[in-house]
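> Below is the file structure_13.txt, which contains compact mmCIF, C-alpha atoms.
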# COMPACT_ATOMS: atom_id res chain seq x y z
CA MET A 573 82.36 103.22 98.26
CA ALA A 574 79.47 101.47 96.64
CA SER A 575 80.27 99.73 93.47
CA ARG A 576 78.85 101.28 90.38
CA SER A 577 76.08 99.23 88.82
CA HIS A 578 76.70 98.16 85.29
CA ARG A 579 73.93 99.03 82.87
CA PRO A 580 73.29 96.51 80.09
CA ARG A 581 74.90 97.62 76.84
CA ARG A 582 72.93 97.93 73.64
CA ALA A 583 73.73 95.64 70.76
CA GLY A 584 75.89 97.62 68.39
CA SER A 585 77.23 100.06 70.99
CA ALA A 586 80.93 100.82 71.26
CA GLY A 587 81.33 98.30 74.07
CA THR A 588 79.90 95.33 72.30
CA GLY A 589 83.27 94.43 70.81
CA ASP A 590 83.07 91.18 68.91
CA HIS A 591 79.70 90.10 70.25
CA LEU A 592 76.87 89.34 67.85
CA GLN A 593 73.38 89.57 69.30
CA ARG A 594 70.35 87.94 67.79
CA ALA A 595 67.72 90.43 66.60
CA GLY A 596 64.80 88.72 64.98
CA ALA A 597 66.01 86.76 61.97
CA PHE A 598 69.55 88.20 61.84
CA HIS A 599 72.45 89.48 63.93
CA ILE A 600 73.36 93.03 64.91
CA ILE A 601 76.94 93.70 63.84
CA THR A 602 79.12 96.61 64.90
CA VAL A 603 81.17 98.88 62.66
CA THR A 604 84.37 97.36 64.06
CA GLN A 605 83.22 93.89 63.19
CA ARG A 606 82.12 95.11 59.79
CA GLU A 607 85.57 96.50 59.05
CA ARG A 608 87.21 93.28 60.19
CA VAL A 609 84.94 91.18 57.98
CA MET A 610 85.39 93.42 54.95
CA GLY A 611 89.17 93.40 55.51
CA ALA A 612 89.38 89.64 55.06
CA THR A 613 92.06 88.07 52.90
CA ALA A 614 91.38 86.93 49.35
CA GLU A 615 90.90 83.37 50.57
CA GLU A 616 88.31 84.53 53.14
CA SER A 617 86.56 87.07 50.90
CA ALA A 618 84.07 84.50 49.61
CA SER A 619 82.42 84.32 53.05
CA ARG A 620 82.41 88.02 53.99
CA LEU A 621 79.30 90.05 54.71
CA VAL A 622 78.18 92.67 52.20
CA THR A 623 75.33 95.10 51.75
CA ARG A 624 73.03 94.69 48.79
CA ARG A 625 74.61 97.69 47.06
CA GLU A 626 78.10 96.18 47.45
CA ALA A 627 76.84 92.82 46.21
CA GLU A 628 75.52 94.46 43.03
CA ARG A 629 79.00 95.64 42.09
CA ILE A 630 80.62 92.28 42.91
CA LEU A 631 78.00 90.10 41.23
CA GLY A 632 77.61 92.27 38.13
CA TYR A 633 74.15 93.74 38.68
CA ALA A 634 73.32 97.30 37.68
CA PRO A 635 72.91 99.75 40.60
CA GLY A 636 69.53 99.25 42.26
CA SER A 637 68.63 96.19 40.19
CA LEU A 638 69.45 93.46 42.71
CA LYS A 639 66.65 94.60 45.02
CA ALA A 640 64.11 94.22 42.21
CA VAL A 641 65.51 90.81 41.27
CA MET A 642 65.30 89.62 44.89
CA GLN A 643 61.69 90.77 45.13
CA GLN A 644 60.74 88.98 41.91
CA GLN A 645 62.51 85.74 42.85
CA ARG A 646 61.96 85.48 46.60
CA GLY A 647 62.49 81.75 46.81
CA ARG A 648 65.86 81.91 45.09
CA TRP A 649 67.78 84.36 47.26
CA PRO A 650 69.03 83.89 50.85
CA ASP A 651 67.83 85.99 53.78
CA PRO A 652 70.09 88.64 55.32
CA VAL A 653 72.21 87.31 58.17
CA ALA A 654 73.10 90.54 60.01
CA CYS A 655 72.29 94.20 60.38
CA ARG A 656 74.84 96.99 60.63
CA ALA A 657 74.06 98.79 63.89
CA LYS A 658 76.14 101.98 63.67
CA GLY A 659 76.58 104.37 60.80
CA PRO A 660 74.14 104.03 57.91
CA ARG A 661 71.97 101.07 58.90
CA ALA A 662 71.89 98.30 56.34
CA LEU A 663 71.14 94.63 56.10
CA LEU A 664 74.08 92.35 55.41
CA TRP A 665 74.19 89.16 53.34
CA ASP A 666 76.72 86.38 53.17
CA LEU A 667 78.55 86.99 49.89
CA GLN A 668 79.10 83.32 49.10
CA ALA A 669 75.39 82.59 49.59
CA LEU A 670 74.56 85.41 47.18
CA ARG A 671 77.08 84.08 44.66
CA ASP A 672 75.52 80.61 44.89
CA ALA A 673 72.02 82.05 44.36
CA ALA A 674 73.16 84.21 41.43
CA SER A 675 74.72 81.22 39.66
CA ARG A 676 71.69 79.00 40.28
CA GLY A 677 70.02 79.67 36.95
CA GLY A 678 69.44 76.19 35.55
CA SER A 679 69.76 75.55 31.83
CA THR A 680 68.35 77.31 28.83
CA ARG A 681 67.29 75.79 25.54
CA SER A 682 68.06 78.95 23.58
CA ARG A 683 70.53 78.58 20.71
CA ARG A 684 71.77 82.15 21.10
CA PRO A 685 75.51 82.49 21.67
CA ASP A 686 75.97 83.00 25.39
CA GLY A 687 78.37 85.93 25.33
CA ALA A 688 79.23 85.50 29.01
CA ASP A 689 82.65 84.83 30.48
CA ALA A 690 83.46 81.81 32.59
CA ASP A 691 82.22 83.49 35.79
CA GLY A 692 78.82 84.23 34.27
CA LEU A 693 79.30 87.97 33.68
CA VAL A 694 79.09 89.73 30.31
CA THR A 695 81.80 92.31 29.51
CA CYS A 696 80.67 95.56 27.92
CA LEU A 697 82.91 96.10 24.90
CA SER A 698 82.35 99.86 25.07
CA CYS A 699 83.68 100.48 28.59
CA GLY A 700 84.96 97.16 29.93
CA ARG A 701 82.54 96.97 32.87
CA ARG A 702 80.94 93.61 33.55
CA PHE A 703 77.29 92.76 34.20
CA ARG A 704 74.88 89.86 34.17
CA SER A 705 72.71 91.77 31.70
CA LEU A 706 74.01 94.51 29.40
CA GLY A 707 70.65 95.95 28.33
CA PRO A 708 70.04 98.35 31.25
CA HIS A 709 73.70 99.37 31.31
CA LEU A 710 73.74 100.19 27.59
CA ALA A 711 70.66 102.38 27.87
CA ARG A 712 71.84 104.20 31.00
CA ALA A 713 75.58 104.58 30.43
CA HIS A 714 75.93 104.61 26.63
CA ASP A 715 72.47 105.72 25.44
CA MET A 716 72.24 102.94 22.88
CA THR A 717 69.98 100.02 22.14
CA ALA A 718 71.07 96.39 22.02
CA ALA A 719 70.86 96.43 18.21
CA GLU A 720 73.09 99.52 18.01
CA TYR A 721 75.61 97.92 20.38
CA ARG A 722 75.79 94.74 18.29
CA ALA A 723 76.20 96.78 15.10
CA GLU A 724 78.93 98.96 16.59
CA HIS A 725 80.98 95.97 17.70
CA ARG A 726 80.14 93.76 14.72
CA LEU A 727 78.46 91.10 16.84
CA PRO A 728 76.01 88.56 15.39
CA ALA A 729 72.43 89.75 15.63
CA THR A 730 71.58 86.71 17.74
CA THR A 731 74.30 87.28 20.35
CA ALA A 732 72.68 87.23 23.79
CA LEU A 733 73.53 90.14 26.07
CA MET A 734 72.45 88.24 29.19
CA ALA A 735 74.32 85.50 30.99
CA THR A 736 72.88 82.02 30.61
CA GLY A 737 71.88 81.88 34.27
CA VAL A 738 69.85 85.09 33.98
CA ARG A 739 68.08 83.90 30.85
CA ALA A 740 67.26 80.56 32.47
CA ALA A 741 65.90 82.28 35.58
CA LEU A 742 63.69 84.53 33.43
CA ARG A 743 62.44 81.49 31.55
CA GLU A 744 61.47 79.86 34.83
CA ILE A 745 59.63 83.02 35.89
CA ARG A 746 57.70 83.10 32.61
CA ALA A 747 56.85 79.41 32.91
CA ALA A 748 55.55 79.97 36.44
CA ALA A 749 53.48 82.94 35.27
CA VAL A 750 51.90 80.85 32.49
CA ALA A 751 51.16 78.05 34.96
CA ASP A 752 49.40 80.52 37.28
CA ASP A 753 47.47 82.17 34.43
CA PRO A 754 46.80 79.81 31.47
CA ASP A 755 45.20 82.65 29.48
CA LEU A 756 48.40 84.70 29.60
CA VAL A 757 49.79 83.19 26.39
CA THR A 758 46.58 83.98 24.51
CA ARG A 759 46.69 87.62 25.61
CA MET A 760 50.38 87.90 24.73
CA ARG A 761 49.79 86.49 21.25
CA ALA A 762 46.92 88.91 20.69
CA ALA A 763 49.16 91.85 21.60
CA ALA A 764 52.13 90.66 19.53
CA LEU A 765 53.02 91.98 16.10
CA PRO A 766 51.95 89.96 13.05
CA ARG A 767 54.25 87.07 12.20
CA GLU A 768 55.21 88.64 8.87
CA GLU A 769 56.35 91.84 10.60
CA LEU A 770 58.39 89.87 13.15
CA ALA A 771 60.02 87.91 10.33
CA ARG A 772 60.87 91.13 8.48
CA ARG A 773 62.46 92.67 11.57
CA SER A 774 64.43 89.52 12.24
CA ALA A 775 65.73 89.48 8.67
CA ASP A 776 66.70 93.16 8.88
CA ALA A 777 68.58 92.54 12.13
CA ARG A 778 70.52 89.62 10.65
CA ALA A 779 71.27 91.29 7.33
CA GLY A 780 74.24 93.24 8.65
CA THR A 781 75.91 90.29 10.39
CA ASP A 782 75.13 87.21 8.26
CA GLY A 783 78.45 87.56 6.43
CA LEU A 784 80.63 87.87 9.53
CA PRO A 785 83.28 85.13 9.79
CA ALA A 786 82.12 84.29 13.33
CA VAL A 787 78.55 83.81 12.14
CA ARG A 788 79.54 81.67 9.17
CA ALA A 789 81.87 79.57 11.31
CA ALA A 790 79.15 79.01 13.91
CA ARG A 791 76.66 77.96 11.24
CA ALA A 792 79.17 75.61 9.63
CA ALA A 793 79.88 74.02 12.99
CA GLY A 794 76.17 73.62 13.62
CA ALA A 795 75.69 72.02 10.22
CA ARG A 796 78.50 69.55 10.90
CA ARG A 797 76.80 68.54 14.13
CA THR A 798 73.23 68.32 12.87
CA LEU A 799 73.58 67.12 9.27
CA PRO A 800 74.59 63.50 10.07
CA ALA A 801 71.71 63.18 12.51
CA ALA A 802 69.26 64.59 9.95
CA GLN A 803 70.53 62.20 7.27
CA GLN A 804 70.17 59.23 9.61
CA ALA A 805 66.63 60.27 10.52
CA ARG A 806 65.78 60.53 6.81
CA ARG A 807 67.13 57.03 6.11
CA GLU A 808 65.14 55.59 9.00
CA ALA A 809 61.96 57.26 7.75
CA LEU A 810 62.45 55.75 4.28
CA GLU A 811 62.97 52.30 5.79
CA VAL A 812 59.70 52.65 7.71
CA ARG A 813 57.81 53.57 4.54
CA ALA A 814 59.33 50.68 2.60
CA ARG A 815 58.31 48.17 5.27
CA ALA A 816 54.83 49.69 5.41
CA ALA A 817 54.56 49.07 1.63
CA GLY A 818 55.40 45.38 2.14
CA PHE A 819 59.16 45.37 1.39
CA GLU A 820 61.94 44.18 3.68
CA SER A 821 63.96 47.36 3.23
CA MET A 822 64.30 50.41 1.01
CA THR A 823 67.02 48.67 -0.96
CA ALA A 824 64.70 45.70 -1.58
CA ALA A 825 61.93 48.08 -2.63
CA ILE A 826 64.16 49.77 -5.23
CA GLU A 827 65.25 46.41 -6.65
CA ALA A 828 61.69 45.06 -6.79
CA THR A 829 60.39 48.09 -8.70
CA GLN A 830 63.16 48.40 -11.30
CA HIS A 831 60.69 47.51 -14.07
CA LEU A 832 58.47 50.47 -13.17
CA SER A 833 58.96 54.10 -13.99
CA ALA A 834 60.33 56.29 -11.23
CA ARG A 835 56.91 57.85 -10.65
CA ALA A 836 55.12 54.52 -10.55
CA ALA A 837 57.74 53.02 -8.26
CA ALA A 838 57.47 56.02 -5.97
CA THR A 839 53.71 55.56 -5.75
CA ARG A 840 54.16 51.85 -5.00
CA ILE A 841 56.72 52.45 -2.23
CA GLY A 842 55.16 55.62 -0.84
CA VAL A 843 58.09 57.99 -1.39
CA ALA A 844 58.96 60.82 -3.77
CA ALA A 845 59.99 60.08 -7.36
CA ALA A 846 63.24 62.00 -6.80
CA THR A 847 64.07 59.58 -3.99
CA VAL A 848 63.60 56.62 -6.29
CA ARG A 849 65.81 58.18 -8.99
CA ARG A 850 68.52 59.00 -6.46
CA ARG A 851 68.52 55.49 -4.93
CA ARG A 852 68.63 53.89 -8.40
CA ALA A 853 71.61 56.07 -9.35
CA GLN A 854 73.39 55.09 -6.13
CA ALA A 855 72.75 51.40 -6.83
CA ASP A 856 74.28 51.71 -10.33
Now that the file is in, can you turn its structure into structure tokens?

Amino acid sequence: MASRSHRPRRAGSAGTGDHLQRAGAFHIITVTQRERVMGATAEESASRLVTRREAERILGYAPGSLKAVMQQQRGRWPDPVACRAKGPRALLWDLQALRDAASRGGSTRSRRPDGADADGLVTCLSCGRRFRSLGPHLARAHDMTAAEYRAEHRLPATTALMATGVRAALREIRAAAVADDPDLVTRMRAAALPREELARRSADARAGTDGLPAVRAARAAGARRTLPAAQQARREALEVRARAAGFESMTAAIEATQHLSARAAATRIGVAAATVRRRRAQAD
């Protein structure tokens, strides 16, 4: 009896078992392999393969938003490494590579309170779900604006509702856009509201939270950090003016002009009369 010829099996068919076949830039993976990968232990979960929709839930992105983010920041995100061959076809990414890309946001110079937890996600105080940016979630799930959310939970008006990494990534995108189109800033300024109106809106937003203990404590801490530096910078500036007027130091300038009135001494040294009066009182 002639032996039956064996036909080559398709990648992803039931007989492929644990074999991964190259298909362009990524592998074809079977349902069985998929279930084995997704059933990894907690220690192995960091390296499992996930679809983009599954990655959104794990990484804290709103449904459908990760695709848009990947398209906007093509150089930041990794390529898919496999394709699910049976069942609903879908590209698969390495979860750890996605986590690394999501956390690669750089630094931000904003002084807004971060609001994010240690893993970079922001917890919604209304429902407990966690995202990298609360804005879209608040509008879709709770039908409220960011200002209404802050007011409801008594948060400072300047509390950021985005994780630091997301804000830094957006800043990099804006900087790249300005570099590509130098006239962009001019057009944005022309379309912006008048400065007085922006100041009024900012004051209105802060009015309800300026008296919160958290806000006052944060401002007091900031003052403790910045006040000594500001005082030192002021002293150095006075020393520069005294030397420019021909004196060895500000102390020497005050002593040398004791016979003059405070206004005349101030004119001679190049400082304000109030400064002369204050330094004379300190010397006494």
> For region 643-645 of chain A, work out the shell of residues within 12 Å, counting all atoms listed in the file and skipping chain neighbours fewer than 3 positions away, then give it as a count of residues only.
21
> What gap, in Å, lies between CA of Arg791 (chain A) and CA of Leu727 (chain A)?
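Spanning CA of Arg791 (chain A) to CA of Leu727 (chain A) is a straight-line distance of 14.4 Å.
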> Choose the residue, out of A:Ala814, A:Ala777, A:Ala805, A:Val757, that has the smallest atom-to-atom separation from Ala719 (chain A); count only C-alpha atoms.
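Looking at the shortest contact to Ala719 (chain A), the residue is A:Ala777.
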> May I ask for the distance between CA of Gln804 (chain A) and CA of Ser821 (chain A), given in Å to one decimal place?
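It comes out at 14.8 Å.
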> At what distance in Å, to one decimal, does CA of Ala627 (chain A) lie from CA of Ala657 (chain A)?
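Calculated distance between CA of Ala657 (chain A) and CA of Ala627 (chain A) is 18.9 Å.
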> Would you list the contacts of Gly842 (chain A) as a short mmCIF file (atom, residue, chain, number, x, y, z; two decimals) with C-alpha atoms, in the frame of the given file, taking every protein, DNA or RNA residue within 10 Å and counting all atoms listed in the file, but skipping same-chain residues closer than 4 positions in sequence?

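Wrote it out as out_4.cif, contents follow:
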data_model
loop_
_atom_site.label_atom_id
_atom_site.label_comp_id
_atom_site.auth_asym_id
_atom_site.auth_seq_id
_atom_site.Cartn_x
_atom_site.Cartn_y
_atom_site.Cartn_z
CA LEU A 810 62.45 55.75 4.28
CA ARG A 813 57.81 53.57 4.54
CA ALA A 814 59.33 50.68 2.60
CA ALA A 816 54.83 49.69 5.41
CA ALA A 817 54.56 49.07 1.63
CA ALA A 836 55.12 54.52 -10.55
CA ALA A 837 57.74 53.02 -8.26
CA ALA A 838 57.47 56.02 -5.97
#
> Need the shell around His714 (chain A): protein/DNA/RNA residues with any atom at most 12 Å away, counting all atoms listed in the file. Skip same-chain ones fewer than 6 positions apart. Format as a PyMOL selection string?
chain A and resi 696-699+701+706-708+720-721+724
> Measuring atom to atom with all atoms listed in the file, identify which of A:Arg851, A:Arg759, A:Arg835, A:Arg788 is nearest to Met822 (chain A).
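Comparing A:Arg851, A:Arg759, A:Arg835, A:Arg788 against Met822 (chain A), the winner is A:Arg851.
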> From the list A:Arg722, A:Arg849, A:His709, A:Arg671, which residue is nearest Pro635 (chain A) when using all atoms listed in the file?
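Closest residue, counting all atoms listed in the file: A:His709.
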> Given the choices A:Ser774, A:Thr781, A:Pro766, A:Asp753, which gets closest to Pro728 (chain A) if the distance is worked out from all atoms listed in the file?
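Smallest separation from Pro728 (chain A) among the options: A:Thr781.
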> With distances taken over only C-alpha atoms, which residue among A:Arg624, A:Val750, A:Arg629, A:Met642 lies nearest Leu663 (chain A)?
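Closest to Leu663 (chain A) of all the choices is A:Arg624.
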